[in-house]
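Quick look at work-v2.cif (mmCIF, C-alpha atoms):
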data_start
#
loop_
_atom_site.label_atom_id
_atom_site.label_comp_id
_atom_site.auth_asym_id
_atom_site.auth_seq_id
_atom_site.Cartn_x
_atom_site.Cartn_y
_atom_site.Cartn_z
CA MET A 1 -38.81 45.24 -2.31
CA SER A 2 -40.03 46.26 1.11
CA LEU A 3 -43.62 45.70 2.21
CA THR A 4 -44.34 48.58 4.56
CA PRO A 5 -47.41 48.47 6.84
CA VAL A 6 -49.72 51.43 6.22
CA GLU A 7 -53.03 52.62 7.63
CA LEU A 8 -54.99 53.45 4.49
CA PHE A 9 -58.45 53.43 6.07
CA THR A 10 -60.15 52.21 9.21
CA PRO A 11 -62.34 49.38 7.88
CA GLN A 12 -66.01 49.53 8.79
CA LEU A 13 -66.50 45.77 8.91
CA PRO A 14 -65.48 44.37 12.34
CA PHE A 15 -62.81 42.01 11.04
CA VAL A 16 -59.01 41.75 11.02
CA SER A 17 -57.20 43.51 8.19
CA HIS A 18 -53.65 44.35 7.13
CA SER A 19 -52.41 46.84 4.54
CA SER A 20 -49.00 47.32 2.93
CA ALA A 21 -47.33 49.73 0.53
CA PHE A 22 -44.66 48.59 -1.92
CA ARG A 23 -42.62 49.78 -4.91
CA VAL A 24 -42.80 47.70 -8.07
CA ALA A 25 -39.50 49.17 -9.28
CA ALA A 26 -37.74 47.57 -6.29
CA TYR A 27 -39.20 44.09 -6.86
CA GLN A 28 -36.90 41.06 -7.23
CA ASP A 29 -37.89 37.40 -7.40
CA ASN A 30 -36.03 36.66 -4.17
CA ASP A 31 -38.55 38.90 -2.37
CA PHE A 32 -40.87 35.88 -2.25
CA ALA A 33 -38.31 34.00 -0.14
CA ARG A 34 -37.68 37.12 1.93
CA TYR A 35 -41.34 37.17 2.96
CA THR A 36 -41.64 33.36 3.16
CA GLN A 37 -44.12 33.16 0.31
CA PRO A 38 -43.91 30.70 -2.62
CA LEU A 39 -43.72 32.08 -6.16
CA PRO A 40 -46.45 30.17 -8.05
CA ASP A 41 -45.32 28.40 -11.22
CA LYS A 42 -47.99 30.16 -13.26
CA LEU A 43 -46.49 33.52 -12.25
CA SER A 44 -42.88 32.58 -13.03
CA ARG A 45 -42.95 34.43 -16.37
CA ALA A 46 -45.26 37.24 -15.30
CA VAL A 47 -44.13 40.86 -15.36
CA ALA A 48 -42.66 42.37 -12.20
CA LYS A 49 -45.82 44.38 -11.49
CA ARG A 50 -48.00 41.25 -11.39
CA LYS A 51 -45.53 39.39 -9.16
CA ALA A 52 -45.15 42.34 -6.78
CA GLU A 53 -48.92 42.74 -6.44
CA TYR A 54 -49.40 39.03 -5.81
CA LEU A 55 -46.66 38.95 -3.18
CA ALA A 56 -47.97 42.06 -1.42
CA GLY A 57 -51.51 40.70 -1.34
CA ARG A 58 -50.47 37.30 -0.01
CA HIS A 59 -48.20 38.91 2.59
CA CYS A 60 -51.13 41.03 3.81
CA ALA A 61 -53.26 37.89 3.99
CA SER A 62 -50.63 36.02 6.02
CA GLN A 63 -50.24 38.96 8.40
CA ALA A 64 -53.99 39.24 8.91
CA LEU A 65 -54.24 35.50 9.58
CA LYS A 66 -51.37 35.78 12.05
CA THR A 67 -53.39 38.38 13.96
CA LEU A 68 -56.22 35.84 14.14
CA GLY A 69 -53.82 33.48 15.89
CA LEU A 70 -52.93 31.24 12.97
CA PRO A 71 -49.28 30.40 12.35
CA HIS A 72 -47.66 31.54 9.12
CA THR A 73 -50.17 30.48 6.50
CA ILE A 74 -49.71 30.27 2.75
CA VAL A 75 -52.80 31.43 0.88
CA ALA A 76 -52.61 29.65 -2.47
CA SER A 77 -54.80 30.27 -5.52
CA ALA A 78 -57.51 28.08 -7.01
CA GLU A 79 -57.81 27.54 -10.77
CA SER A 80 -60.27 30.44 -10.73
CA ARG A 81 -57.47 32.58 -9.18
CA ALA A 82 -59.57 32.98 -6.02
CA PRO A 83 -57.56 32.71 -2.78
CA ILE A 84 -57.76 29.38 -0.93
CA TRP A 85 -58.34 30.21 2.74
CA PRO A 86 -57.80 27.88 5.71
CA GLU A 87 -60.76 25.84 6.92
CA GLY A 88 -63.16 28.03 8.87
CA ILE A 89 -61.76 31.28 7.47
CA GLN A 90 -63.23 33.70 4.98
CA GLY A 91 -61.01 36.35 3.50
CA THR A 92 -60.43 38.78 0.68
CA ILE A 93 -57.46 40.51 -0.94
CA THR A 94 -57.18 43.70 -2.99
CA HIS A 95 -54.38 45.74 -4.51
CA THR A 96 -54.08 48.89 -6.57
CA GLN A 97 -51.00 50.76 -7.76
CA GLU A 98 -48.47 49.79 -5.08
CA LEU A 99 -50.95 49.32 -2.24
CA ALA A 100 -52.35 46.01 -1.00
CA MET A 101 -54.85 45.01 1.67
CA ALA A 102 -56.37 41.81 3.04
CA MET A 103 -59.26 41.17 5.43
CA VAL A 104 -60.07 37.88 7.19
CA SER A 105 -62.73 36.52 9.54
CA ASP A 106 -63.21 33.33 11.55
CA ASP A 107 -66.85 34.22 12.33
CA PRO A 108 -68.85 31.10 11.34
CA SER A 109 -71.77 33.24 10.18
CA VAL A 110 -69.63 34.87 7.49
CA GLN A 111 -70.00 33.14 4.12
CA GLY A 112 -67.93 35.57 2.10
CA LEU A 113 -65.95 38.80 2.32
CA GLY A 114 -65.09 41.30 -0.36
CA ILE A 115 -62.95 44.42 -0.23
CA ASP A 116 -61.71 46.55 -3.10
CA LEU A 117 -59.24 49.43 -3.25
CA GLU A 118 -59.33 51.70 -6.29
CA ARG A 119 -57.58 54.86 -7.35
CA LYS A 120 -60.19 57.47 -8.18
CA MET A 121 -60.96 57.72 -11.88
CA SER A 122 -60.62 61.09 -13.59
CA ASP A 123 -63.82 62.88 -14.57
CA LYS A 124 -63.07 61.97 -18.19
CA GLN A 125 -62.67 58.29 -17.34
CA GLU A 126 -65.92 58.28 -15.38
CA GLN A 127 -67.76 59.75 -18.36
CA GLU A 128 -66.22 57.28 -20.82
CA LEU A 129 -66.88 54.19 -18.69
CA GLN A 130 -70.42 54.90 -17.51
CA LYS A 131 -72.08 52.67 -20.10
CA GLN A 132 -69.76 49.75 -19.27
CA ILE A 133 -70.39 49.89 -15.52
CA LEU A 134 -73.93 51.27 -15.13
CA ALA A 135 -77.22 49.74 -16.21
CA LYS A 136 -79.96 52.15 -17.27
CA GLU A 137 -81.91 51.11 -14.16
CA GLU A 138 -79.10 52.54 -12.02
CA GLN A 139 -79.00 55.93 -13.68
CA ALA A 140 -81.38 57.69 -11.27
CA ALA A 141 -79.53 56.48 -8.16
CA PHE A 142 -76.21 57.32 -9.83
CA GLU A 143 -77.32 60.88 -10.56
CA GLN A 144 -78.37 61.33 -6.93
CA LEU A 145 -75.08 59.86 -5.68
CA SER A 146 -73.09 62.17 -7.96
CA GLN A 147 -74.70 65.16 -6.25
CA VAL A 148 -73.24 64.27 -2.86
CA GLN A 149 -70.10 62.18 -3.54
CA ALA A 150 -66.98 62.72 -5.58
CA SER A 151 -65.98 59.90 -7.95
CA PRO A 152 -69.41 58.24 -7.96
CA LEU A 153 -68.60 55.82 -10.78
CA THR A 154 -65.38 54.72 -9.07
CA LEU A 155 -67.45 54.00 -5.96
CA ILE A 156 -69.96 51.88 -7.87
CA PHE A 157 -67.26 50.02 -9.81
CA SER A 158 -65.40 49.24 -6.59
CA ALA A 159 -68.59 48.20 -4.79
CA LYS A 160 -69.45 45.74 -7.55
CA GLU A 161 -65.94 44.28 -7.34
CA SER A 162 -66.46 43.78 -3.60
CA ILE A 163 -69.86 42.19 -4.19
CA PHE A 164 -68.35 39.71 -6.63
CA LYS A 165 -65.61 38.75 -4.16
CA ALA A 166 -68.05 38.37 -1.25
CA LEU A 167 -70.56 36.27 -3.18
CA TYR A 168 -68.11 34.11 -5.14
CA PRO A 169 -67.48 31.55 -2.33
CA VAL A 170 -71.20 30.72 -2.47
CA VAL A 171 -71.90 31.24 -6.18
CA GLN A 172 -68.69 29.56 -7.41
CA ARG A 173 -68.94 31.02 -10.90
CA PHE A 174 -68.32 34.25 -12.74
CA PHE A 175 -71.10 36.84 -12.89
CA GLY A 176 -71.04 40.32 -14.35
CA PHE A 177 -71.62 43.80 -13.00
CA GLU A 178 -75.17 43.72 -14.35
CA ALA A 179 -76.10 41.15 -11.69
CA ALA A 180 -76.18 43.88 -9.01
CA CYS A 181 -78.16 47.09 -9.48
CA LEU A 182 -77.60 50.20 -7.36
CA ASN A 183 -80.91 51.38 -5.94
CA ASP A 184 -80.08 53.56 -2.93
CA PHE A 185 -77.25 54.87 -0.74
CA SER A 186 -76.50 56.47 2.62
CA HIS A 187 -73.52 58.42 3.92
CA ASN A 188 -71.36 55.28 4.16
CA GLN A 189 -73.20 52.51 2.30
CA LEU A 190 -74.33 51.69 -1.22
CA HIS A 191 -77.38 49.45 -1.53
CA PHE A 192 -77.82 47.01 -4.43
CA THR A 193 -80.46 44.54 -5.59
CA LEU A 194 -79.57 41.31 -7.37
CA THR A 195 -81.12 41.34 -10.84
CA GLU A 196 -80.80 37.57 -11.29
CA THR A 197 -80.69 34.46 -9.14
CA LEU A 198 -77.04 33.62 -8.48
CA HIS A 199 -77.63 30.75 -6.03
CA GLU A 200 -80.58 29.22 -4.21
CA THR A 201 -79.61 31.34 -1.20
CA LEU A 202 -79.13 34.45 -3.38
CA PRO A 203 -82.32 34.77 -5.43
CA GLN A 204 -83.21 37.65 -7.69
CA GLY A 205 -84.25 40.61 -5.54
CA THR A 206 -81.75 39.91 -2.74
CA GLN A 207 -80.51 43.14 -1.13
CA ILE A 208 -76.74 43.60 -0.80
CA SER A 209 -75.14 46.53 1.05
CA VAL A 210 -71.56 47.71 0.64
CA TYR A 211 -69.66 50.06 2.96
CA TYR A 212 -67.58 52.75 1.32
CA GLN A 213 -64.92 55.30 2.24
CA LEU A 214 -62.93 57.83 0.23
CA ASN A 215 -59.82 59.89 0.75
CA ASP A 216 -58.08 62.30 -1.63
CA GLU A 217 -56.87 59.55 -3.96
CA LEU A 218 -58.51 56.24 -3.04
CA VAL A 219 -61.82 54.46 -2.62
CA LEU A 220 -62.30 51.47 -0.29
CA THR A 221 -65.42 49.32 -0.42
CA GLU A 222 -66.31 46.40 1.87
CA CYS A 223 -68.99 43.72 1.55
CA CYS A 224 -69.89 40.86 3.89
CA LEU A 225 -72.22 37.97 3.09
CA ARG A 226 -73.65 36.33 6.21
CA ALA A 227 -75.59 33.09 6.57
CA GLY A 228 -79.32 33.47 7.05
CA ARG A 229 -79.31 37.02 5.76
#
Could I get this file's structure written as structure tokens?
Amino acid sequence: MSLTPVELFTPQLPFVSHSSAFRVAAYQDNDFARYTQPLPDKLSRAVAKRKAEYLAGRHCASQALKTLGLPHTIVASAESRAPIWPEGIQGTITHTQELAMAMVSDDPSVQGLGIDLERKMSDKQEQELQKQILAKEEQAAFEQLSQVQASPLTLIFSAKESIFKALYPVVQRFFGFEAACLNDFSHNQLHFTLTETLHETLPQGTQISVYYQLNDELVLTECCLRAGR
């Protein structure tokens, strides 16, 4: 399996990123050695798709870290499955249907990063999944967003994934989509309010903004949590 660098989007956050395309059908276990990445024991019996996605994501992470000036770095996984980044680094990984991307930062003010790539849902999927993703308090903002953006539910779903990834290094526990409520948006950002206290530094009412971009097939969202926000 080849991991081919691609330019999916130009990220809006000012950090280092790397993206790759791959073909699951071409995956073989020796691809891990080819890209100098260890195959985790817990993935040894996983299906090819899961292994290929993991390898592509970790390769993107290593390439992004290399751009930061770090030597070849293995980004292992914690018990929570969250990536374990080198000391002084915050990072995030995403993959969707044979595309992977990682973003990293050595900015000491950055407490967490989150990016998420998603294929756009069909109109039918967006209708069927609204109740699972949206709270009733978000309905008004969602209706307004749907007037000006295609795939509005995909955007919100992706943004909430990015919020979870960005906040997890501080929160250190699972929290659901209902913890962040969409209240406003601009041409390139979605604005959320935390509906519950997730950490002493992230009380109920905290405002979280997420950058977004779309192309014909994909959505990219980006979230950064900074100290002293």
Explicit residues for the PyMOL selection byres ((chain A and resi 3) around 6) (as a PyMOL selection string): chain A and resi 2+4+20-22
Atom pair atom CA of Ser62 of chain A / atom CA of Val75 of chain A: separation (Å):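 According to the coordinates, atom CA of Ser62 of chain A and atom CA of Val75 of chain A are separated by 7.2 Å.
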Between atom CA of Ile133 of chain A and atom CA of Gly112 of chain A - distance in Å to one decimal: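 Separating atom CA of Gly112 of chain A from atom CA of Ile133 of chain A is a distance of 22.8 Å.
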At a cut-off of 7 Å, can you tabulate as a Markdown table every residue of segment 153-194 of chain A near segment 219-222 of chain A together with its closest atom pair and the distance in Å to one decimal, using all atoms listed in the file and ordering rows by chain then number?
| residue | atom | partner | partner_atom | distance |
| --- | --- | --- | --- | --- |
| A:Leu155 | CA | A:Val219 | CA | 6.6 |
| A:Ser158 | CA | A:Thr221 | CA | 6.2 |
| A:Ala159 | CA | A:Thr221 | CA | 5.5 |
| A:Ser162 | CA | A:Glu222 | CA | 6.1 |
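The nearest approach to Phe32 of chain A among the residues A:Lys51, A:Arg173, A:His18, A:Lys160, with all atoms listed in the file taken into account, belongs to A:Lys51.
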Within-9 Å shell of (-38.2, 37.3, -10.9) in input frame, all atoms listed in the file, as a PyMOL selection string: chain A and resi 27-31+39+44-48+51
Writer output for current selection, C-alpha atoms, as a PDB file, keeping the file's coordinate frame:
ATOM      1  CA  TYR A  27     -39.200  44.090  -6.860  1.00  0.00           C
ATOM      2  CA  GLN A  28     -36.900  41.060  -7.230  1.00  0.00           C
ATOM      3  CA  ASP A  29     -37.890  37.400  -7.400  1.00  0.00           C
ATOM      4  CA  ASN A  30     -36.030  36.660  -4.170  1.00  0.00           C
ATOM      5  CA  ASP A  31     -38.550  38.900  -2.370  1.00  0.00           C
ATOM      6  CA  LEU A  39     -43.720  32.080  -6.160  1.00  0.00           C
ATOM      7  CA  SER A  44     -42.880  32.580 -13.030  1.00  0.00           C
ATOM      8  CA  ARG A  45     -42.950  34.430 -16.370  1.00  0.00           C
ATOM      9  CA  ALA A  46     -45.260  37.240 -15.300  1.00  0.00           C
ATOM     10  CA  VAL A  47     -44.130  40.860 -15.360  1.00  0.00           C
ATOM     11  CA  ALA A  48     -42.660  42.370 -12.200  1.00  0.00           C
ATOM     12  CA  LYS A  51     -45.530  39.390  -9.160  1.00  0.00           C
TER      13      LYS A  51
END
Selection result of the PyMOL selection byres ((chain A and resi 218) around 9) on this file, as a VMD selection string: chain A and resid 8 117 to 120 213 to 217 219 to 220
Selected residue of minimal separation from Pro14 of chain A among A:Ala179, A:Leu134, A:Leu153, A:Cys223, counting all atoms listed in the file: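 Looking at the shortest contact to Pro14 of chain A, the residue is A:Cys223.
Listed by chain and then by number, the residues chosen by the PyMOL selection byres ((chain A and resi 187) around 12) in this file are Leu145, Val148, Gln149, Asp184, Phe185, Ser186, Asn188, Gln189, Leu190, His191, Val210, Tyr211, Tyr212, Gln213 and Leu214 of chain A.
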Residue contacts of Ala100 of chain A (6 Å, only C-alpha atoms) excluding same-chain residues fewer than 2 positions away, as a count of residues only: 6
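Nearest residue to Glu79 of chain A among A:Gln139, A:Ser209, A:Gln172, A:Gln12 is A:Gln172, counting all atoms listed in the file.
The space between atom CA of Thr206 of chain A and atom CA of Thr193 of chain A spans 5.6 Å.
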Counting all atoms listed in the file, the option among A:Leu99, A:Pro203, A:Ala26, A:Tyr168 closest to Pro83 of chain A: A:Tyr168
Using only C-alpha atoms: which of A:Leu55, A:Leu202, A:Ser151, A:Gln63 has the shortest distance to Glu126 of chain A: A:Ser151
Residue list as a VMD selection string for point (-83.1, 38.4, -2.6), cut-off 12 Å, only C-alpha atoms: chain A and resid 179 to 180 192 to 209 228 to 229
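Here the question is which of A:Thr73, A:Gln37, A:Thr154, A:Ser17 gets nearest to Ser122 of chain A using all atoms listed in the file, and that residue is A:Thr154.
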Six-sided padding of 6 Å per side, axis-aligned box over segment 15-20 of chain A, centre and edges in Å, one decimal, as AutoDock Vina command-line options:
--center_x -55.9 --center_y 44.5 --center_z 7.0 --size_x 25.8 --size_y 17.6 --size_z 20.1
Ala135 of chain A environment, 9 Å, all atoms listed in the file, sequence neighbours closer than 3 positions dropped, as a list of chain:residue names: A:Gln130, A:Lys131, A:Gln132, A:Glu138, A:Gln139, A:Phe177, A:Glu178, A:Cys181, A:Leu182
Test item: residues at most 12 Å from Thr67 of chain A, all atoms listed in the file, excluding those fewer than 6 positions along its chain, as a PyMOL selection string: chain A and resi 15-18+60-61+73+102-106
Saved selection, atoms kept: C-alpha atoms, as a PDB file, in the frame of the given file:
ATOM      1  CA  PHE A  15     -62.810  42.010  11.040  1.00  0.00           C
ATOM      2  CA  VAL A  16     -59.010  41.750  11.020  1.00  0.00           C
ATOM      3  CA  SER A  17     -57.200  43.510   8.190  1.00  0.00           C
ATOM      4  CA  HIS A  18     -53.650  44.350   7.130  1.00  0.00           C
ATOM      5  CA  CYS A  60     -51.130  41.030   3.810  1.00  0.00           C
ATOM      6  CA  ALA A  61     -53.260  37.890   3.990  1.00  0.00           C
ATOM      7  CA  THR A  73     -50.170  30.480   6.500  1.00  0.00           C
ATOM      8  CA  ALA A 102     -56.370  41.810   3.040  1.00  0.00           C
ATOM      9  CA  MET A 103     -59.260  41.170   5.430  1.00  0.00           C
ATOM     10  CA  VAL A 104     -60.070  37.880   7.190  1.00  0.00           C
ATOM     11  CA  SER A 105     -62.730  36.520   9.540  1.00  0.00           C
ATOM     12  CA  ASP A 106     -63.210  33.330  11.550  1.00  0.00           C
TER      13      ASP A 106
END
Only C-alpha atoms, please: segment 107-226 of chain A from the block, as a PDB file, in the first residue's frame.
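As a result, selection-v8.pdb now contains:
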ATOM      1  CA  ASP A 107       3.275  26.196  20.615  1.00  0.00           C
ATOM      2  CA  PRO A 108       3.266  26.082  24.451  1.00  0.00           C
ATOM      3  CA  SER A 109      -0.033  27.963  24.585  1.00  0.00           C
ATOM      4  CA  VAL A 110      -1.822  25.149  22.741  1.00  0.00           C
ATOM      5  CA  GLN A 111      -3.507  22.719  25.136  1.00  0.00           C
ATOM      6  CA  GLY A 112      -5.264  20.613  22.537  1.00  0.00           C
ATOM      7  CA  LEU A 113      -5.874  20.272  18.802  1.00  0.00           C
ATOM      8  CA  GLY A 114      -8.708  18.611  16.963  1.00  0.00           C
ATOM      9  CA  ILE A 115      -9.247  18.064  13.257  1.00  0.00           C
ATOM     10  CA  ASP A 116     -11.841  15.906  11.542  1.00  0.00           C
ATOM     11  CA  LEU A 117     -12.310  14.879   7.922  1.00  0.00           C
ATOM     12  CA  GLU A 118     -15.717  13.580   6.859  1.00  0.00           C
ATOM     13  CA  ARG A 119     -17.314  12.540   3.618  1.00  0.00           C
ATOM     14  CA  LYS A 120     -20.480  14.552   3.128  1.00  0.00           C
ATOM     15  CA  MET A 121     -23.616  12.731   4.215  1.00  0.00           C
ATOM     16  CA  SER A 122     -26.437  12.310   1.720  1.00  0.00           C
ATOM     17  CA  ASP A 123     -29.559  14.408   2.247  1.00  0.00           C
ATOM     18  CA  LYS A 124     -31.334  11.258   3.430  1.00  0.00           C
ATOM     19  CA  GLN A 125     -28.617  10.508   5.980  1.00  0.00           C
ATOM     20  CA  GLU A 126     -28.712  14.069   7.280  1.00  0.00           C
ATOM     21  CA  GLN A 127     -32.466  13.818   7.808  1.00  0.00           C
ATOM     22  CA  GLU A 128     -32.230  10.432   9.540  1.00  0.00           C
ATOM     23  CA  LEU A 129     -29.396  11.436  11.884  1.00  0.00           C
ATOM     24  CA  GLN A 130     -30.555  14.892  12.956  1.00  0.00           C
ATOM     25  CA  LYS A 131     -32.016  13.734  16.265  1.00  0.00           C
ATOM     26  CA  GLN A 132     -28.824  11.838  17.163  1.00  0.00           C
ATOM     27  CA  ILE A 133     -26.502  14.780  16.504  1.00  0.00           C
ATOM     28  CA  LEU A 134     -28.578  17.900  17.216  1.00  0.00           C
ATOM     29  CA  ALA A 135     -30.081  19.070  20.497  1.00  0.00           C
ATOM     30  CA  LYS A 136     -33.359  20.967  20.284  1.00  0.00           C
ATOM     31  CA  GLU A 137     -31.497  24.091  21.444  1.00  0.00           C
ATOM     32  CA  GLU A 138     -29.407  23.912  18.262  1.00  0.00           C
ATOM     33  CA  GLN A 139     -32.325  23.705  15.865  1.00  0.00           C
ATOM     34  CA  ALA A 140     -32.613  27.443  15.170  1.00  0.00           C
ATOM     35  CA  ALA A 141     -28.902  27.851  14.404  1.00  0.00           C
ATOM     36  CA  PHE A 142     -28.996  24.663  12.321  1.00  0.00           C
ATOM     37  CA  GLU A 143     -31.891  25.953  10.220  1.00  0.00           C
ATOM     38  CA  GLN A 144     -30.007  29.197   9.575  1.00  0.00           C
ATOM     39  CA  LEU A 145     -26.826  27.295   8.675  1.00  0.00           C
ATOM     40  CA  SER A 146     -28.741  25.054   6.272  1.00  0.00           C
ATOM     41  CA  GLN A 147     -29.829  28.138   4.332  1.00  0.00           C
ATOM     42  CA  VAL A 148     -26.251  29.087   3.456  1.00  0.00           C
ATOM     43  CA  GLN A 149     -24.197  25.861   3.602  1.00  0.00           C
ATOM     44  CA  ALA A 150     -24.497  22.487   1.957  1.00  0.00           C
ATOM     45  CA  SER A 151     -24.260  19.438   4.244  1.00  0.00           C
ATOM     46  CA  PRO A 152     -24.984  21.377   7.451  1.00  0.00           C
ATOM     47  CA  LEU A 153     -25.370  18.278   9.630  1.00  0.00           C
ATOM     48  CA  THR A 154     -22.086  16.839   8.365  1.00  0.00           C
ATOM     49  CA  LEU A 155     -20.442  20.130   9.328  1.00  0.00           C
ATOM     50  CA  ILE A 156     -21.859  20.050  12.855  1.00  0.00           C
ATOM     51  CA  PHE A 157     -21.029  16.366  13.347  1.00  0.00           C
ATOM     52  CA  SER A 158     -17.457  16.954  12.200  1.00  0.00           C
ATOM     53  CA  ALA A 159     -17.100  20.081  14.344  1.00  0.00           C
ATOM     54  CA  LYS A 160     -18.190  18.187  17.453  1.00  0.00           C
ATOM     55  CA  GLU A 161     -15.650  15.462  16.678  1.00  0.00           C
ATOM     56  CA  SER A 162     -12.954  18.140  16.471  1.00  0.00           C
ATOM     57  CA  ILE A 163     -14.122  19.694  19.737  1.00  0.00           C
ATOM     58  CA  PHE A 164     -13.874  16.335  21.498  1.00  0.00           C
ATOM     59  CA  LYS A 165     -10.337  15.771  20.202  1.00  0.00           C
ATOM     60  CA  ALA A 166      -9.178  19.288  21.133  1.00  0.00           C
ATOM     61  CA  LEU A 167     -10.633  19.191  24.644  1.00  0.00           C
ATOM     62  CA  TYR A 168      -9.773  15.586  25.531  1.00  0.00           C
ATOM     63  CA  PRO A 169      -6.133  16.281  26.583  1.00  0.00           C
ATOM     64  CA  VAL A 170      -7.522  18.562  29.307  1.00  0.00           C
ATOM     65  CA  VAL A 171     -10.776  16.764  30.146  1.00  0.00           C
ATOM     66  CA  GLN A 172      -9.292  13.234  30.049  1.00  0.00           C
ATOM     67  CA  ARG A 173     -12.674  11.529  29.832  1.00  0.00           C
ATOM     68  CA  PHE A 174     -15.388  10.794  27.328  1.00  0.00           C
ATOM     69  CA  PHE A 175     -18.136  13.363  26.782  1.00  0.00           C
ATOM     70  CA  GLY A 176     -20.966  13.332  24.295  1.00  0.00           C
ATOM     71  CA  PHE A 177     -22.089  15.592  21.480  1.00  0.00           C
ATOM     72  CA  GLU A 178     -24.659  17.171  23.789  1.00  0.00           C
ATOM     73  CA  ALA A 179     -21.834  18.856  25.738  1.00  0.00           C
ATOM     74  CA  ALA A 180     -21.377  21.431  22.943  1.00  0.00           C
ATOM     75  CA  CYS A 181     -24.310  23.403  21.544  1.00  0.00           C
ATOM     76  CA  LEU A 182     -24.151  25.272  18.223  1.00  0.00           C
ATOM     77  CA  ASN A 183     -25.284  28.857  18.737  1.00  0.00           C
ATOM     78  CA  ASP A 184     -23.878  30.849  15.816  1.00  0.00           C
ATOM     79  CA  PHE A 185     -21.688  30.669  12.708  1.00  0.00           C
ATOM     80  CA  SER A 186     -19.767  32.791  10.216  1.00  0.00           C
ATOM     81  CA  HIS A 187     -18.479  32.106   6.714  1.00  0.00           C
ATOM     82  CA  ASN A 188     -15.661  29.872   8.023  1.00  0.00           C
ATOM     83  CA  GLN A 189     -16.401  29.170  11.693  1.00  0.00           C
ATOM     84  CA  LEU A 190     -19.024  27.419  13.794  1.00  0.00           C
ATOM     85  CA  HIS A 191     -19.487  28.735  17.331  1.00  0.00           C
ATOM     86  CA  PHE A 192     -20.489  26.463  20.221  1.00  0.00           C
ATOM     87  CA  THR A 193     -21.258  26.861  23.921  1.00  0.00           C
ATOM     88  CA  LEU A 194     -20.432  24.164  26.467  1.00  0.00           C
ATOM     89  CA  THR A 195     -23.653  22.986  28.104  1.00  0.00           C
ATOM     90  CA  GLU A 196     -21.858  21.416  31.074  1.00  0.00           C
ATOM     91  CA  THR A 197     -18.642  21.882  33.014  1.00  0.00           C
ATOM     92  CA  LEU A 198     -16.044  19.521  31.555  1.00  0.00           C
ATOM     93  CA  HIS A 199     -13.060  20.739  33.610  1.00  0.00           C
ATOM     94  CA  GLU A 200     -12.326  23.582  36.007  1.00  0.00           C
ATOM     95  CA  THR A 201     -10.831  25.468  33.060  1.00  0.00           C
ATOM     96  CA  LEU A 202     -13.791  24.561  30.807  1.00  0.00           C
ATOM     97  CA  PRO A 203     -16.901  25.548  32.765  1.00  0.00           C
ATOM     98  CA  GLN A 204     -20.438  25.492  31.466  1.00  0.00           C
ATOM     99  CA  GLY A 205     -20.916  28.456  29.135  1.00  0.00           C
ATOM    100  CA  THR A 206     -17.392  28.346  27.679  1.00  0.00           C
ATOM    101  CA  GLN A 207     -17.353  29.432  24.027  1.00  0.00           C
ATOM    102  CA  ILE A 208     -15.615  27.135  21.530  1.00  0.00           C
ATOM    103  CA  SER A 209     -15.075  28.044  17.860  1.00  0.00           C
ATOM    104  CA  VAL A 210     -14.332  25.590  15.062  1.00  0.00           C
ATOM    105  CA  TYR A 211     -13.013  26.434  11.596  1.00  0.00           C
ATOM    106  CA  TYR A 212     -14.626  24.651   8.679  1.00  0.00           C
ATOM    107  CA  GLN A 213     -14.066  24.099   4.963  1.00  0.00           C
ATOM    108  CA  LEU A 214     -15.912  22.096   2.324  1.00  0.00           C
ATOM    109  CA  ASN A 215     -15.178  20.825  -1.147  1.00  0.00           C
ATOM    110  CA  ASP A 216     -17.329  18.720  -3.471  1.00  0.00           C
ATOM    111  CA  GLU A 217     -16.999  15.571  -1.354  1.00  0.00           C
ATOM    112  CA  LEU A 218     -15.383  16.402   1.983  1.00  0.00           C
ATOM    113  CA  VAL A 219     -15.677  18.499   5.113  1.00  0.00           C
ATOM    114  CA  LEU A 220     -12.671  19.537   7.233  1.00  0.00           C
ATOM    115  CA  THR A 221     -13.089  21.036  10.691  1.00  0.00           C
ATOM    116  CA  GLU A 222     -10.334  22.358  12.979  1.00  0.00           C
ATOM    117  CA  CYS A 223     -10.401  23.272  16.668  1.00  0.00           C
ATOM    118  CA  CYS A 224      -7.646  24.637  18.910  1.00  0.00           C
ATOM    119  CA  LEU A 225      -7.793  24.948  22.692  1.00  0.00           C
ATOM    120  CA  ARG A 226      -5.366  27.538  24.050  1.00  0.00           C
TER     121      ARG A 226
END
